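Student: Got a structure for you, written out below as structure tokens; questions coming shortly.
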Amino acid sequence: MRGQTQPVVLTLIATVVVGSVTTAYIWGEPILQKGQGQAEIDTLEQDVTDLHSQIIQVAESGEGASETVRIGDGISASDNFRISVNDDENAIEITERSQNVEYPLDTWIGLEGSTFQNISFGQGDYAIQGEDEPGILAVRAEGSPEEQILTYRSEFRNMFTTRSTGNRLERIELVSDGRQTISEPSTIVISNEGERVETGEDSVELSTGERFERFNTRIDIDLR
């Protein structure tokens, strides 16, 4: 009888161990997936932050300056991933699917840039040189608490500037001569194409009726 007891005990122990491991795997797999998904979003957010910073750096470095940024190498294949250049709104958007992000739903959250002055989802005719940054980087989550579409937006605005020659507006102006949308991890070449001045009849009229010359630093965005 004693000889039979030992195999039975060992079988019971093995069953408990296998059951525990299986349970741990079943419950642990979503946690691992969530961790991997968050890591991918963290990597994408760093890519987008680098892109925003490099655009400003190239704009400040003078005509002919150029930098290259990679976007999306750290993410899994997704039908929702997209990079879009919007010339009309002077912005670049990067979208991707995510799960269980910590951002509130259906609202823009600023990541870079102190205010939403003169931004498409903000207000005002301009931001102030020396007080605000030339653009903002923001993110918006849409969907459910479990699954969302994240949109990162790098947008540039009018900056009210006082010079020895008087007051004027300055702006980083995004232009795209090639493709405006791409749906896979990509190389983005950022190039400073020099200055374009809007003056006279082409000057910018504010909501107050005042008109100001606007000096645009043209930044070419080439998606490859």
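Chain identifiers are assigned as A, B, and so on, following the order in which chains appear in the structure tokens; residues are numbered from 1 within each chain, and ligands are numbered from 1 in order of appearance.
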If we count only C-alpha atoms, what is near region 209-213 of chain A at a cut-off of 10 Å, once residues fewer than 3 positions away on the same chain are taken out, given as number ranges by chain?
Tutor: A: 160, 166-170, 197-206, 216
Student: Please produce an output containing all heavy atoms for each residue in the selection, written as a tab-separated table (two decimals), in the first residue's frame.
Tutor:
```tsv
chain	number	residue	atom	x	y	z
A	160	PHE	N	4.04	85.79	-32.99
A	160	PHE	CA	4.14	87.25	-33.00
A	160	PHE	C	5.53	87.64	-32.50
A	160	PHE	O	5.95	87.27	-31.40
A	160	PHE	CB	3.07	87.85	-32.10
A	160	PHE	CG	3.03	89.34	-32.10
A	160	PHE	CD1	2.36	90.03	-33.09
A	160	PHE	CD2	3.69	90.06	-31.11
A	160	PHE	CE1	2.33	91.43	-33.09
A	160	PHE	CE2	3.67	91.45	-31.11
A	160	PHE	CZ	2.99	92.14	-32.11
A	166	GLY	N	10.07	96.50	-36.65
A	166	GLY	CA	8.65	96.51	-36.29
A	166	GLY	C	8.13	95.12	-35.95
A	166	GLY	O	8.89	94.15	-35.88
A	167	ASN	N	6.83	95.04	-35.74
A	167	ASN	CA	6.21	93.75	-35.40
A	167	ASN	C	5.87	92.96	-36.66
A	167	ASN	O	5.50	93.54	-37.69
A	167	ASN	CB	4.93	93.99	-34.60
A	167	ASN	CG	5.19	94.67	-33.27
A	167	ASN	OD1	6.24	94.48	-32.66
A	167	ASN	ND2	4.25	95.48	-32.82
A	168	ARG	N	5.96	91.64	-36.55
A	168	ARG	CA	5.62	90.78	-37.68
A	168	ARG	C	5.28	89.39	-37.16
A	168	ARG	O	5.47	89.09	-35.98
A	168	ARG	CB	6.78	90.70	-38.67
A	168	ARG	CG	7.99	89.92	-38.16
A	168	ARG	CD	9.15	90.04	-39.11
A	168	ARG	NE	10.17	89.00	-38.90
A	168	ARG	CZ	11.34	88.96	-39.54
A	168	ARG	NH1	11.65	89.93	-40.39
A	168	ARG	NH2	12.19	87.97	-39.33
A	169	LEU	N	4.78	88.55	-38.05
A	169	LEU	CA	4.54	87.15	-37.74
A	169	LEU	C	5.63	86.29	-38.36
A	169	LEU	O	6.12	86.59	-39.45
A	169	LEU	CB	3.17	86.70	-38.27
A	169	LEU	CG	1.95	87.44	-37.74
A	169	LEU	CD1	0.68	86.92	-38.41
A	169	LEU	CD2	1.83	87.31	-36.22
A	170	GLU	N	6.01	85.23	-37.66
A	170	GLU	CA	6.93	84.25	-38.19
A	170	GLU	C	6.30	82.87	-38.05
A	170	GLU	O	5.52	82.62	-37.13
A	170	GLU	CB	8.28	84.31	-37.47
A	170	GLU	CG	9.00	85.64	-37.65
A	170	GLU	CD	10.34	85.70	-36.92
A	170	GLU	OE1	10.68	84.72	-36.22
A	170	GLU	OE2	11.01	86.73	-37.03
A	197	VAL	N	8.12	85.26	-47.86
A	197	VAL	CA	7.52	86.39	-47.14
A	197	VAL	C	6.15	86.73	-47.74
A	197	VAL	O	6.01	86.86	-48.96
A	197	VAL	CB	8.43	87.64	-47.19
A	197	VAL	CG1	7.79	88.77	-46.40
A	197	VAL	CG2	9.82	87.31	-46.65
A	198	GLU	N	5.16	86.86	-46.87
A	198	GLU	CA	3.84	87.33	-47.27
A	198	GLU	C	3.72	88.78	-46.85
A	198	GLU	O	3.72	89.10	-45.66
A	198	GLU	CB	2.75	86.48	-46.60
A	198	GLU	CG	2.76	85.02	-47.04
A	198	GLU	CD	1.90	84.15	-46.15
A	198	GLU	OE1	2.41	83.71	-45.10
A	198	GLU	OE2	0.73	83.91	-46.52
A	199	THR	N	3.62	89.66	-47.82
A	199	THR	CA	3.60	91.10	-47.54
A	199	THR	C	2.56	91.79	-48.42
A	199	THR	O	2.02	91.18	-49.35
A	199	THR	CB	4.99	91.70	-47.77
A	199	THR	OG1	5.02	93.05	-47.30
A	199	THR	CG2	5.39	91.64	-49.23
A	200	GLY	N	2.30	93.07	-48.13
A	200	GLY	CA	1.33	93.81	-48.94
A	200	GLY	C	-0.04	93.16	-48.89
A	200	GLY	O	-0.56	92.83	-47.82
A	201	GLU	N	-0.64	92.94	-50.07
A	201	GLU	CA	-1.96	92.33	-50.15
A	201	GLU	C	-1.95	90.89	-49.67
A	201	GLU	O	-3.00	90.34	-49.31
A	201	GLU	CB	-2.48	92.40	-51.59
A	201	GLU	CG	-2.77	93.82	-52.09
A	201	GLU	CD	-3.33	93.82	-53.49
A	201	GLU	OE1	-3.42	92.72	-54.09
A	201	GLU	OE2	-3.69	94.91	-53.99
A	202	ASP	N	-0.79	90.26	-49.67
A	202	ASP	CA	-0.67	88.87	-49.23
A	202	ASP	C	-0.38	88.74	-47.74
A	202	ASP	O	-0.25	87.62	-47.22
A	202	ASP	CB	0.43	88.15	-50.02
A	202	ASP	CG	0.12	88.05	-51.50
A	202	ASP	OD1	-1.07	87.91	-51.83
A	202	ASP	OD2	1.05	88.13	-52.31
A	203	SER	N	-0.25	89.87	-47.03
A	203	SER	CA	0.02	89.81	-45.60
A	203	SER	C	-1.17	89.19	-44.87
A	203	SER	O	-2.27	89.05	-45.42
A	203	SER	CB	0.31	91.21	-45.06
A	203	SER	OG	-0.81	92.06	-45.24
A	204	VAL	N	-0.96	88.82	-43.62
A	204	VAL	CA	-1.97	88.09	-42.85
A	204	VAL	C	-2.87	89.06	-42.09
A	204	VAL	O	-2.40	89.92	-41.34
A	204	VAL	CB	-1.29	87.13	-41.85
A	204	VAL	CG1	-2.34	86.40	-41.01
A	204	VAL	CG2	-0.43	86.12	-42.60
A	205	GLU	N	-4.18	88.91	-42.28
A	205	GLU	CA	-5.15	89.74	-41.56
A	205	GLU	C	-5.60	89.00	-40.31
A	205	GLU	O	-6.05	87.86	-40.37
A	205	GLU	CB	-6.35	90.07	-42.44
A	205	GLU	CG	-7.35	91.00	-41.75
A	205	GLU	CD	-8.48	91.43	-42.67
A	205	GLU	OE1	-8.48	91.02	-43.85
A	205	GLU	OE2	-9.37	92.16	-42.19
A	206	LEU	N	-5.51	89.66	-39.17
A	206	LEU	CA	-5.92	89.07	-37.90
A	206	LEU	C	-7.42	89.29	-37.67
A	206	LEU	O	-8.08	90.03	-38.40
A	206	LEU	CB	-5.12	89.68	-36.75
A	206	LEU	CG	-3.59	89.65	-36.88
A	206	LEU	CD1	-2.95	90.19	-35.62
A	206	LEU	CD2	-3.10	88.24	-37.18
A	216	ASN	N	7.82	83.13	-43.49
A	216	ASN	CA	7.68	81.68	-43.39
A	216	ASN	C	9.01	80.98	-43.66
A	216	ASN	O	9.63	81.22	-44.70
A	216	ASN	CB	6.65	81.18	-44.41
A	216	ASN	CG	5.27	81.75	-44.19
A	216	ASN	OD1	4.51	81.29	-43.36
A	216	ASN	ND2	4.95	82.80	-44.95
```
Student: Per DSSP on the backbone, filter region 99-216 of chain A down to the residues in strand (DSSP E) and report them as number ranges by chain.
Tutor: A: 99, 108-112, 127-128, 135-143, 147-156, 159-163, 166-175, 181-182, 186-198, 204-205, 211-212, 214-216
Student: Find the nearest atom pair between each residue of region 142-211 of chain A and region 78-82 of chain A for residues within 10 Å, count only C-alpha atoms, give distances in Å to one decimal, sort rows by chain and ascending number, and present the table as CSV.
Tutor:
```
residue,atom,partner,partner_atom,distance
A:Ile149,CA,A:Asn80,CA,7.6
A:Leu150,CA,A:Asn80,CA,9.3
A:Thr151,CA,A:Arg82,CA,9.4
A:Thr181,CA,A:Arg82,CA,7.0
A:Ile182,CA,A:Arg82,CA,5.8
A:Ser183,CA,A:Arg82,CA,4.3
A:Glu184,CA,A:Phe81,CA,6.6
A:Pro185,CA,A:Phe81,CA,8.3
A:Ser186,CA,A:Arg82,CA,9.8
```
Student: Selected residues, N, CA and C atoms, written as a PDB file, in the first residue's frame, please.
Tutor:
```pdb
ATOM      1  N   ILE A 149      -7.680  54.334 -31.129  1.00  0.00           N
ATOM      2  CA  ILE A 149      -6.822  54.835 -32.198  1.00  0.00           C
ATOM      3  C   ILE A 149      -6.146  56.087 -31.663  1.00  0.00           C
ATOM      4  N   LEU A 150      -4.813  56.080 -31.631  1.00  0.00           N
ATOM      5  CA  LEU A 150      -4.051  57.237 -31.177  1.00  0.00           C
ATOM      6  C   LEU A 150      -3.661  58.083 -32.382  1.00  0.00           C
ATOM      7  N   THR A 151      -3.834  59.383 -32.260  1.00  0.00           N
ATOM      8  CA  THR A 151      -3.380  60.323 -33.281  1.00  0.00           C
ATOM      9  C   THR A 151      -2.396  61.288 -32.644  1.00  0.00           C
ATOM     10  N   THR A 181       0.863  60.831 -47.790  1.00  0.00           N
ATOM     11  CA  THR A 181       0.426  59.796 -46.864  1.00  0.00           C
ATOM     12  C   THR A 181       1.207  58.517 -47.116  1.00  0.00           C
ATOM     13  N   ILE A 182       1.573  57.833 -46.038  1.00  0.00           N
ATOM     14  CA  ILE A 182       2.237  56.539 -46.145  1.00  0.00           C
ATOM     15  C   ILE A 182       1.769  55.673 -44.982  1.00  0.00           C
ATOM     16  N   SER A 183       1.614  54.372 -45.234  1.00  0.00           N
ATOM     17  CA  SER A 183       1.002  53.479 -44.241  1.00  0.00           C
ATOM     18  C   SER A 183       1.956  52.383 -43.766  1.00  0.00           C
ATOM     19  N   GLU A 184       3.220  52.718 -43.667  1.00  0.00           N
ATOM     20  CA  GLU A 184       4.210  51.766 -43.175  1.00  0.00           C
ATOM     21  C   GLU A 184       5.354  52.543 -42.534  1.00  0.00           C
ATOM     22  N   PRO A 185       6.149  51.873 -41.670  1.00  0.00           N
ATOM     23  CA  PRO A 185       7.302  52.563 -41.084  1.00  0.00           C
ATOM     24  C   PRO A 185       8.131  53.219 -42.179  1.00  0.00           C
ATOM     25  N   SER A 186       8.572  54.442 -41.944  1.00  0.00           N
ATOM     26  CA  SER A 186       9.130  55.251 -43.028  1.00  0.00           C
ATOM     27  C   SER A 186      10.289  56.122 -42.567  1.00  0.00           C
TER      28      SER A 186
END
```
Student: So which residues touch Glu112 (chain A) within 9 Å, counting only C-alpha atoms, skipping near sequence neighbours fewer than 6 positions away, as a PDB file with C-alpha atoms, in the first residue's frame?
Tutor:
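What landed in selection.pdb:
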```
ATOM      1  CA  THR A  49       8.809  63.614 -30.358  1.00  0.00           C
ATOM      2  CA  HIS A  52       8.816  67.398 -33.894  1.00  0.00           C
ATOM      3  CA  GLU A 133       7.212  77.337 -28.805  1.00  0.00           C
ATOM      4  CA  GLY A 135       4.557  74.532 -32.636  1.00  0.00           C
ATOM      5  CA  ILE A 136       2.872  71.919 -30.511  1.00  0.00           C
ATOM      6  CA  LEU A 137       2.976  68.141 -30.324  1.00  0.00           C
ATOM      7  CA  ALA A 138      -0.297  66.670 -29.051  1.00  0.00           C
ATOM      8  CA  SER A 154       2.837  67.993 -34.808  1.00  0.00           C
TER       9      SER A 154
END
```
Student: Here is a test: counting only C-alpha atoms, which residue of A:Leu51, A:Ile109, A:Met159, A:Leu44 is nearest to Asp132 (chain A)?
Tutor: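 Closest residue, counting only C-alpha atoms: A:Met159.
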Student: Which residue gives the smallest distance to Thr208 (chain A) among A:Gly194, A:Gly74, A:Gly130, A:Gly124, with only C-alpha atoms counted?
Tutor: A:Gly124
Student: What is the CA of Thr187 (chain A)-CA of Ile83 (chain A) distance in Å, reported with one decimal?
Tutor: 10.6 Å
Student: Using only C-alpha atoms, which protein or nucleic acid residues come within 10 Å of Gly62 (chain A)? Drop anything in the same chain fewer than 5 positions from it, and give the result as a compact mmCIF listing (two decimals) with N, CA and C atoms, in the first residue's frame.
Tutor:
```txt
# COMPACT_ATOMS: atom_id res chain seq x y z
N GLN A 57 14.57 72.21 -35.13
CA GLN A 57 16.02 72.39 -35.25
C GLN A 57 16.43 72.75 -36.67
N SER A 191 13.91 69.14 -44.72
CA SER A 191 14.86 70.05 -45.37
C SER A 191 14.39 71.49 -45.27
N ASN A 192 15.33 72.41 -45.00
CA ASN A 192 15.04 73.84 -44.94
C ASN A 192 15.20 74.42 -46.33
N GLU A 193 14.07 74.89 -46.90
CA GLU A 193 14.04 75.41 -48.27
C GLU A 193 14.12 76.93 -48.33
N GLY A 194 14.43 77.56 -47.21
CA GLY A 194 14.57 79.01 -47.22
C GLY A 194 13.30 79.72 -46.79
N GLU A 195 13.27 81.03 -47.05
CA GLU A 195 12.20 81.89 -46.51
C GLU A 195 11.24 82.35 -47.60
N THR A 217 9.44 80.15 -42.75
CA THR A 217 10.57 79.26 -43.00
C THR A 217 10.02 77.97 -43.58
```
Student: Find the spatial neighbours of region 88-101 of chain A, counting only C-alpha atoms, within a cut-off of 9 Å - ignore same-chain residues fewer than 6 positions away - and output them as number ranges by chain.
Tutor: A: 34, 37-38, 40-41, 44, 48, 71, 78-82, 119-120, 141, 144-157, 172-175
Student: Of the candidates A:Glu131, A:Glu45, A:Asp222, A:Asp50, which shows the shortest atom-to-atom distance to Val69 (chain A), using only C-alpha atoms?
Tutor: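 Of all the options, A:Asp50 lies closest to Val69 (chain A).
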Student: What is the CA of Asn158 (chain A)-CA of Asn118 (chain A) distance in Å, reported with one decimal?
Tutor: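 Here the two named atoms are 6.7 Å from each other.
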Student: How would you write, as a PyMOL selection string, the set of residues in region 54-218 of chain A that DSSP gives as helix (DSSP H, G or I)?
Tutor: chain A and resi 54-60+200-202
